[in-house]
>>> print(open('my_file32.csv').read())   # CSV, C-alpha atoms
chain,number,residue,atom,x,y,z
A,1,MET,CA,240.8,-18.1,152.4
A,2,SER,CA,237.7,-18.4,154.6
A,3,TYR,CA,235.3,-15.6,155.7
A,4,ASN,CA,234.7,-14.6,159.3
A,5,ILE,CA,231.0,-15.1,159.5
A,6,ILE,CA,230.7,-16.0,163.2
A,7,PRO,CA,233.2,-13.5,164.8
A,8,VAL,CA,231.8,-10.6,162.8
A,9,SER,CA,228.1,-11.5,163.6
A,10,ILE,CA,228.9,-12.1,167.4
A,11,LEU,CA,230.8,-8.8,167.6
A,12,LEU,CA,227.9,-6.8,166.0
A,13,ILE,CA,225.2,-8.6,168.0
A,14,GLY,CA,227.2,-7.8,171.2
A,15,ALA,CA,227.6,-4.2,170.2
A,16,TYR,CA,223.9,-3.9,169.4
A,17,ILE,CA,222.8,-5.4,172.6
A,18,LEU,CA,225.1,-3.1,174.5
A,19,SER,CA,223.7,0.0,172.7
A,20,PHE,CA,220.1,-1.2,173.2
A,21,VAL,CA,220.7,-1.8,177.0
A,22,PHE,CA,222.3,1.6,177.3
A,23,TYR,CA,219.3,3.2,175.7
A,24,LYS,CA,216.8,1.1,177.8
A,25,ARG,CA,218.6,2.1,181.0
A,26,GLY,CA,218.7,5.7,180.0
A,27,PHE,CA,222.4,6.1,179.6
A,28,ILE,CA,221.9,7.2,176.0
A,29,ARG,CA,218.8,8.6,174.2
A,30,LYS,CA,216.9,6.5,171.6
A,31,VAL,CA,217.9,9.1,169.0
A,32,LEU,CA,221.6,8.3,169.6
A,33,HIS,CA,221.1,4.6,169.6
A,34,VAL,CA,219.2,4.7,166.3
A,35,ARG,CA,221.7,7.2,164.8
A,36,ILE,CA,224.7,5.0,165.6
A,37,TRP,CA,223.1,2.1,163.7
A,38,ASN,CA,221.8,4.2,160.8
A,39,ILE,CA,225.4,5.6,160.3
A,40,LEU,CA,226.8,2.1,160.4
A,41,ILE,CA,224.2,0.7,158.0
A,42,PHE,CA,224.9,3.6,155.6
A,43,PHE,CA,228.7,3.1,155.5
A,44,SER,CA,228.5,-0.7,155.4
A,45,PHE,CA,226.0,-0.4,152.5
A,46,LEU,CA,228.4,2.1,150.7
A,47,ILE,CA,231.3,-0.4,150.9
A,48,VAL,CA,229.3,-3.5,150.0
A,49,GLY,CA,227.2,-1.8,147.3
A,50,VAL,CA,230.1,0.0,145.6
A,51,PHE,CA,232.4,-3.0,145.7
A,52,GLY,CA,229.7,-5.3,144.5
A,53,ILE,CA,228.7,-3.1,141.6
A,54,ILE,CA,232.4,-2.6,140.7
A,55,LEU,CA,232.9,-6.4,140.8
A,56,ILE,CA,229.9,-7.1,138.7
A,57,ALA,CA,231.1,-4.5,136.1
A,58,PHE,CA,234.5,-6.1,136.1
A,59,ILE,CA,233.1,-9.6,135.6
A,60,GLU,CA,230.7,-8.5,132.9
A,61,ASN,CA,233.6,-6.9,131.0
A,62,GLY,CA,236.2,-9.6,131.7
A,63,ILE,CA,238.4,-7.2,133.6
A,64,THR,CA,240.8,-8.5,136.2
A,65,THR,CA,242.8,-6.2,138.5
A,66,PRO,CA,245.2,-6.9,141.4
A,67,ILE,CA,242.7,-5.3,143.8
A,68,SER,CA,239.7,-7.5,142.6
A,69,GLN,CA,240.4,-10.3,145.2
A,70,LYS,CA,240.9,-7.8,148.0
A,71,MET,CA,237.6,-6.1,147.0
A,72,LEU,CA,235.8,-9.5,146.9
A,73,PHE,CA,237.2,-10.3,150.4
A,74,TRP,CA,236.0,-7.0,151.9
A,75,HIS,CA,232.7,-7.1,150.0
A,76,VAL,CA,232.0,-10.4,151.7
A,77,GLU,CA,233.2,-9.4,155.2
A,78,VAL,CA,231.3,-6.1,155.2
A,79,GLY,CA,228.4,-7.9,153.6
A,80,ILE,CA,228.1,-10.1,156.7
A,81,ALA,CA,228.1,-6.9,158.8
A,82,LEU,CA,225.5,-5.3,156.6
A,83,LEU,CA,223.2,-8.3,156.9
A,84,ALA,CA,223.4,-8.2,160.7
A,85,ILE,CA,222.9,-4.4,160.8
A,86,SER,CA,219.9,-4.7,158.4
A,87,ILE,CA,218.2,-6.9,161.0
A,88,PHE,CA,219.0,-4.3,163.7
A,89,HIS,CA,217.6,-1.6,161.4
A,90,ILE,CA,214.3,-3.6,161.1
A,91,HIS,CA,214.4,-3.9,164.9
A,92,CYS,CA,214.8,-0.2,165.4
A,93,TYR,CA,211.9,0.6,163.0
A,94,TRP,CA,209.8,-2.5,163.9
A,95,ARG,CA,206.5,-0.6,164.1
A,96,SER,CA,206.9,1.0,160.6
A,97,PHE,CA,208.2,-2.3,159.3
A,98,ARG,CA,205.1,-4.3,160.4
A,99,ARG,CA,202.9,-1.8,158.5
A,100,ILE,CA,204.6,-2.8,155.2
A,101,LEU,CA,203.5,-6.4,155.6
A,102,ARG,CA,199.9,-5.5,156.7
B,1,MET,CA,200.8,-18.6,145.3
B,2,ARG,CA,202.3,-22.0,146.1
B,3,LYS,CA,202.6,-22.7,142.4
B,4,LEU,CA,204.4,-19.4,141.9
B,5,TRP,CA,207.0,-20.3,144.5
B,6,ILE,CA,207.6,-23.8,143.0
B,7,ILE,CA,208.1,-22.2,139.5
B,8,LEU,CA,210.5,-19.6,141.0
B,9,ILE,CA,212.5,-22.2,142.8
B,10,LEU,CA,212.7,-24.4,139.7
B,11,ILE,CA,213.9,-21.4,137.6
B,12,ILE,CA,216.6,-20.6,140.2
B,13,VAL,CA,217.8,-24.1,140.5
B,14,PHE,CA,217.8,-25.0,136.8
B,15,THR,CA,219.2,-21.8,135.3
B,16,PRO,CA,222.4,-23.3,133.6
B,17,ILE,CA,225.4,-21.2,134.3
B,18,ALA,CA,228.2,-23.7,134.6
B,19,ILE,CA,231.6,-22.8,133.1
B,20,TYR,CA,234.6,-25.0,133.7
B,21,ALA,CA,237.9,-23.8,132.3
B,22,TRP,CA,241.5,-23.0,133.2
B,23,ASN,CA,243.3,-19.7,133.9
B,24,ASP,CA,240.2,-17.5,133.6
B,25,CYS,CA,239.6,-16.4,137.2
B,26,PRO,CA,237.3,-13.3,137.1
B,27,TYR,CA,239.0,-11.9,140.2
B,28,GLY,CA,242.5,-12.5,138.8
B,29,LEU,CA,243.5,-15.0,141.5
B,30,ILE,CA,246.6,-17.1,140.9
B,31,ASN,CA,246.9,-20.6,142.4
B,32,ASP,CA,243.9,-20.1,144.7
B,33,PRO,CA,244.1,-22.9,147.4
B,34,TYR,CA,241.2,-25.1,148.6
B,35,PRO,CA,238.4,-24.2,149.4
B,36,GLY,CA,238.9,-21.2,147.2
B,37,GLN,CA,237.8,-17.6,147.6
B,38,CYS,CA,234.6,-17.7,145.5
B,39,PRO,CA,231.9,-20.3,144.6
B,40,ARG,CA,233.5,-20.9,141.2
B,41,TYR,CA,236.2,-23.1,142.9
B,42,THR,CA,236.7,-26.3,140.8
B,43,ASP,CA,239.6,-28.7,141.0
B,44,THR,CA,239.5,-31.4,138.2
B,45,ASN,CA,243.2,-32.4,138.6
B,46,ASN,CA,243.0,-32.7,142.4
B,47,ASP,CA,246.1,-30.5,143.1
B,48,GLY,CA,244.3,-28.5,145.8
B,49,LEU,CA,244.2,-25.4,143.6
B,50,CYS,CA,241.3,-23.8,141.7
B,51,ASP,CA,241.5,-24.7,138.0
B,52,HIS,CA,240.4,-21.1,137.1
B,53,SER,CA,243.4,-19.7,138.9
B,54,GLN,CA,246.0,-21.8,137.2
B,55,SER,CA,247.2,-22.8,133.7
B,56,PRO,CA,246.0,-26.1,132.3
B,57,PRO,CA,248.3,-29.1,132.9
B,58,GLN,CA,249.9,-30.9,129.9
B,59,THR,CA,251.0,-34.5,129.6
B,60,GLU,CA,254.6,-35.2,128.8
B,61,ASP,CA,255.3,-38.7,127.5
B,62,THR,CA,259.0,-39.4,127.6
B,63,THR,CA,260.7,-42.2,125.6
B,64,THR,CA,264.4,-42.7,124.4
B,65,ASN,CA,263.8,-40.8,121.2
B,66,THR,CA,262.9,-37.2,122.0
B,67,THR,CA,260.2,-36.0,119.7
B,68,GLU,CA,258.4,-32.7,119.8
B,69,THR,CA,255.0,-32.3,118.2
B,70,GLY,CA,253.6,-28.9,117.7
B,71,GLY,CA,250.1,-27.6,118.3
B,72,LYS,CA,248.7,-24.5,119.8
B,73,GLY,CA,249.8,-24.3,123.5
B,74,LYS,CA,250.5,-28.1,123.6
B,75,ARG,CA,254.0,-29.7,123.9
B,76,LYS,CA,254.6,-33.5,123.8
B,77,VAL,CA,258.1,-34.8,124.7
B,78,GLN,CA,258.9,-38.5,124.5
B,79,ASP,CA,261.7,-40.0,126.7
B,80,ASN,CA,262.0,-43.3,128.8
B,81,ASN,CA,258.3,-44.1,128.7
B,82,GLN,CA,257.6,-41.8,131.6
B,83,THR,CA,254.6,-39.6,131.9
B,84,THR,CA,254.6,-36.3,133.8
B,85,THR,CA,252.3,-33.4,134.0
B,86,VAL,CA,253.5,-29.9,133.8
B,87,ASN,CA,251.8,-26.5,133.7
B,88,THR,CA,252.4,-24.1,130.9
B,89,VAL,CA,251.5,-20.4,131.0
B,90,GLN,CA,248.6,-19.6,128.8
B,91,GLU,CA,247.0,-16.2,128.5
B,92,LYS,CA,243.2,-16.5,128.5
B,93,PRO,CA,240.5,-13.9,129.0
B,94,ALA,CA,238.7,-13.9,132.3
B,95,ILE,CA,235.2,-15.5,132.7
B,96,THR,CA,232.5,-13.0,131.8
B,97,THR,CA,228.9,-13.4,133.0
B,98,ASN,CA,226.1,-11.0,132.1
B,99,TYR,CA,224.4,-9.8,135.3
B,100,TYR,CA,222.2,-7.3,133.5
B,101,LEU,CA,223.5,-4.5,135.7
B,102,ILE,CA,222.5,-1.6,133.4
B,103,PRO,CA,219.1,-3.0,132.1
B,104,LEU,CA,218.0,-3.9,135.7
B,105,THR,CA,219.1,-0.5,137.0
B,106,ILE,CA,217.3,1.4,134.3
B,107,PHE,CA,214.2,-0.8,134.8
B,108,LEU,CA,214.1,-0.1,138.6
B,109,VAL,CA,214.7,3.7,138.2
B,110,LEU,CA,211.9,3.9,135.6
B,111,LEU,CA,209.6,1.9,137.9
B,112,TYR,CA,210.5,4.3,140.7
B,113,ILE,CA,209.8,7.4,138.6
B,114,SER,CA,206.4,6.0,137.6
B,115,SER,CA,205.5,5.3,141.2
B,116,TYR,CA,206.8,8.7,142.2
B,117,LEU,CA,204.8,10.5,139.5
B,118,LEU,CA,201.6,8.5,140.4
B,119,TYR,CA,202.1,9.7,144.0
B,120,LYS,CA,202.8,13.3,143.0
B,121,ASN,CA,199.7,13.3,140.8
B,122,LYS,CA,197.7,11.9,143.7
B,123,LYS,CA,196.8,8.7,141.9
B,124,ILE,CA,198.3,6.7,144.8
B,125,ASN,CA,199.0,8.0,148.3
B,126,VAL,CA,202.4,8.4,149.8
B,127,ARG,CA,202.0,5.3,152.1
B,128,THR,CA,201.4,3.1,149.1
B,129,HIS,CA,204.4,4.5,147.3
B,130,LYS,CA,206.6,3.9,150.4
B,131,LYS,CA,205.1,0.5,151.0
B,132,ILE,CA,205.9,-0.7,147.4
B,133,TRP,CA,209.6,0.4,147.7
B,134,ASN,CA,210.0,-0.8,151.3
B,135,LEU,CA,208.6,-4.2,150.2
B,136,ILE,CA,211.0,-4.4,147.2
B,137,LEU,CA,213.9,-3.4,149.5
B,138,THR,CA,213.0,-6.0,152.1
B,139,VAL,CA,212.8,-8.8,149.4
B,140,GLY,CA,216.0,-7.6,147.9
B,141,TYR,CA,217.9,-7.6,151.3
B,142,LEU,CA,216.4,-11.0,152.3
B,143,ALA,CA,217.3,-12.7,149.0
B,144,THR,CA,220.8,-11.1,148.8
B,145,GLY,CA,221.4,-12.0,152.5
B,146,ILE,CA,220.2,-15.6,152.3
B,147,THR,CA,222.1,-16.3,149.0
B,148,GLY,CA,225.2,-14.5,150.4
B,149,ILE,CA,225.2,-16.6,153.6
B,150,PHE,CA,224.8,-19.7,151.4
B,151,LEU,CA,227.8,-18.7,149.3
B,152,ILE,CA,229.9,-17.9,152.3
B,153,LEU,CA,229.2,-21.4,153.7
B,154,VAL,CA,230.0,-22.9,150.3
B,155,VAL,CA,233.4,-21.1,150.2
B,156,ASN,CA,234.2,-21.7,153.9
B,157,TYR,CA,233.4,-25.4,153.9
B,158,GLY,CA,234.4,-26.2,150.3
B,159,ILE,CA,230.9,-27.5,149.5
B,160,GLN,CA,230.7,-28.2,145.7
B,161,LEU,CA,227.1,-28.3,144.4
B,162,SER,CA,225.8,-27.9,140.9
B,163,VAL,CA,223.7,-24.9,142.0
B,164,ASN,CA,226.6,-22.9,143.3
B,165,LEU,CA,227.0,-20.8,140.2
B,166,THR,CA,223.3,-20.4,139.8
B,167,ILE,CA,223.0,-19.1,143.4
B,168,ASN,CA,226.0,-16.8,142.7
B,169,PHE,CA,224.1,-15.4,139.7
B,170,TRP,CA,220.9,-14.8,141.6
B,171,HIS,CA,222.9,-13.3,144.5
B,172,ALA,CA,224.3,-10.7,142.1
B,173,GLU,CA,220.9,-10.0,140.6
B,174,PHE,CA,219.2,-9.5,143.9
B,175,ALA,CA,222.2,-7.4,145.1
B,176,ILE,CA,221.7,-5.1,142.1
B,177,ILE,CA,218.0,-4.7,143.1
B,178,MET,CA,219.0,-4.2,146.7
B,179,THR,CA,221.6,-1.5,145.9
B,180,VAL,CA,219.4,0.5,143.5
B,181,THR,CA,216.4,0.2,145.8
B,182,THR,CA,218.5,1.3,148.8
B,183,ILE,CA,219.4,4.5,146.9
B,184,LEU,CA,215.7,5.0,146.2
B,185,HIS,CA,214.9,4.3,149.8
B,186,ILE,CA,217.3,7.1,150.8
B,187,HIS,CA,215.4,9.3,148.4
B,188,VAL,CA,212.0,8.3,150.0
B,189,TYR,CA,213.3,9.1,153.5
B,190,TRP,CA,215.6,12.0,152.5
B,191,ARG,CA,214.6,14.3,155.4
B,192,PRO,CA,215.3,11.8,158.2
B,193,PHE,CA,218.4,10.7,156.3
B,194,LYS,CA,219.8,14.2,156.2
B,195,LYS,CA,219.2,14.5,160.0
B,196,ILE,CA,221.4,11.5,160.8
B,197,PHE,CA,224.4,13.5,159.8
B,198,ARG,CA,223.1,16.9,161.1
B,199,GLY,CA,222.8,15.8,164.7
B,200,ILE,CA,219.2,16.9,165.1
B,201,TYR,CA,217.5,13.5,164.4
B,202,SER,CA,214.3,13.0,166.3
>>> encode(input="my_file32.csv", output="structure tokens")
Amino acid sequence: MSYNIIPVSILLIGAYILSFVFYKRGFIRKVLHVRIWNILIFFSFLIVGVFGIILIAFIENGITTPISQKMLFWHVEVGIALLAISIFHIHCYWRSFRRILR
Amino acid sequence: MRKLWIILILIIVFTPIAIYAWNDCPYGLINDPYPGQCPRYTDTNNDGLCDHSQSPPQTEDTTTNTTETGGKGKRKVQDNNQTTTVNTVQEKPAITTNYYLIPLTIFLVLLYISSYLLYKNKKINVRTHKKIWNLILTVGYLATGITGIFLILVVNYGIQLSVNLTINFWHAEFAIIMTVTTILHIHVYWRPFKKIFRGIYS
């Protein structure tokens, strides 16, 4: 089974560009643009983080369940999305982010 | 600084975490086909299935006189000088790897409490407190993301390298740091976080 790294990334980059263009052209407010991606990062983190921690706990204790492989699959798929959305999150908060590195 | 990076890379590359065995898939996969679903994929008998997801093969030597020799989980049948390989079902516990989930979580939480108390007692300012945790979070995300992408490429293209399991181990370690630090990040930015769901974010 292979993971859909390119389709998921392209889909999200397209959606982000669309949302960004909408905000730049004044169709939506910046608040809404940022909120959409904050909500998405929160839920994708929830899925990736929770599944990841459960999988680690299972492996540490030698537990195998019928849902482990499904959890691994979705952990990876949503993980790809989380990575892309994290980059968008940094883009949204670019000014604050630059200050961390200063 | 350069020396530190070299040492860090050497530690990551040479941490030995190689386990090759049969029927002990940590995800409970059965007959996982090439290229497998995780970086543990290994196929020593070249049948296109991950060894961890199947029972070990056994050799059957067959001659005219049928003889059976015992042994734990091993069966040898002799008939017509032919040799075939069969799989037998063997129950084996799944691979266990210690990812230090609880110690690492406790360590990070204690570190956060220390930083928070220092800020509350005005030993450090709020910017330093936020900067420390934003930096840890960024490093956690970067390391988890890069190792994650590497592991996806390993799985998707069936790349078998000696460092696969080592990278998998460090992916889990950085992911624990990332997950715990994200929760702490939400605590740092609790007010704006609440507003996301309230609809009055500005």
>>> closest_atom_pairs(input="my_file32.csv", of="chain A", to="chain B", cutoff="6 Å", atoms="all atoms listed in the file", output="JSON lines")
{"residue": "A:Met1", "atom": "CA", "partner": "B:Gln37", "partner_atom": "CA", "distance": 5.7}
{"residue": "A:Ser2", "atom": "CA", "partner": "B:Asn156", "partner_atom": "CA", "distance": 4.9}
{"residue": "A:Val31", "atom": "CA", "partner": "B:Ser202", "partner_atom": "CA", "distance": 6.0}
{"residue": "A:Arg35", "atom": "CA", "partner": "B:Ile196", "partner_atom": "CA", "distance": 5.9}
{"residue": "A:Gly49", "atom": "CA", "partner": "B:Thr179", "partner_atom": "CA", "distance": 5.8}
{"residue": "A:Ile59", "atom": "CA", "partner": "B:Thr96", "partner_atom": "CA", "distance": 5.1}
{"residue": "A:Glu60", "atom": "CA", "partner": "B:Thr96", "partner_atom": "CA", "distance": 5.0}
{"residue": "A:Gly62", "atom": "CA", "partner": "B:Ala94", "partner_atom": "CA", "distance": 5.0}
{"residue": "A:Thr64", "atom": "CA", "partner": "B:Gly28", "partner_atom": "CA", "distance": 5.1}
{"residue": "A:Ser68", "atom": "CA", "partner": "B:Tyr27", "partner_atom": "CA", "distance": 5.1}
{"residue": "A:Gln69", "atom": "CA", "partner": "B:Tyr27", "partner_atom": "CA", "distance": 5.4}
{"residue": "A:Ile100", "atom": "CA", "partner": "B:Lys131", "partner_atom": "CA", "distance": 5.4}
>>> closest_residue(input="my_file32.csv", among="A:Ile5, A:Ile28, A:Ile39, A:Ile53", to="Ala84 in chain A", atoms="all atoms listed in the file")
A:Ile5
>>> atom_distance(input="my_file32.csv", atom1="CA of Ser53 in chain B", atom2="CA of Arg40 in chain B")
10.2 Å
>>> residues_around(input="my_file32.csv", residues="range 6-19 of chain A", least_positions_apart="3", cutoff="9 Å", atoms="only C-alpha atoms", output="PyMOL selection string")
chain A and resi 3+22-24+28+33+36-37+77-78+80-81+83-85+88
>>> atom_distance(input="my_file32.csv", atom1="CA of Cys50 in chain B", atom2="CA of Phe73 in chain A")
16.6 Å
>>> closest_residue(input="my_file32.csv", among="B:Thr147, B:His185, B:Ile177, B:Leu118", to="Leu104 in chain B", atoms="all atoms listed in the file")
B:Ile177
>>> atom_distance(input="my_file32.csv", atom1="CA of Asn31 in chain B", atom2="CA of Gln54 in chain B")
5.4 Å
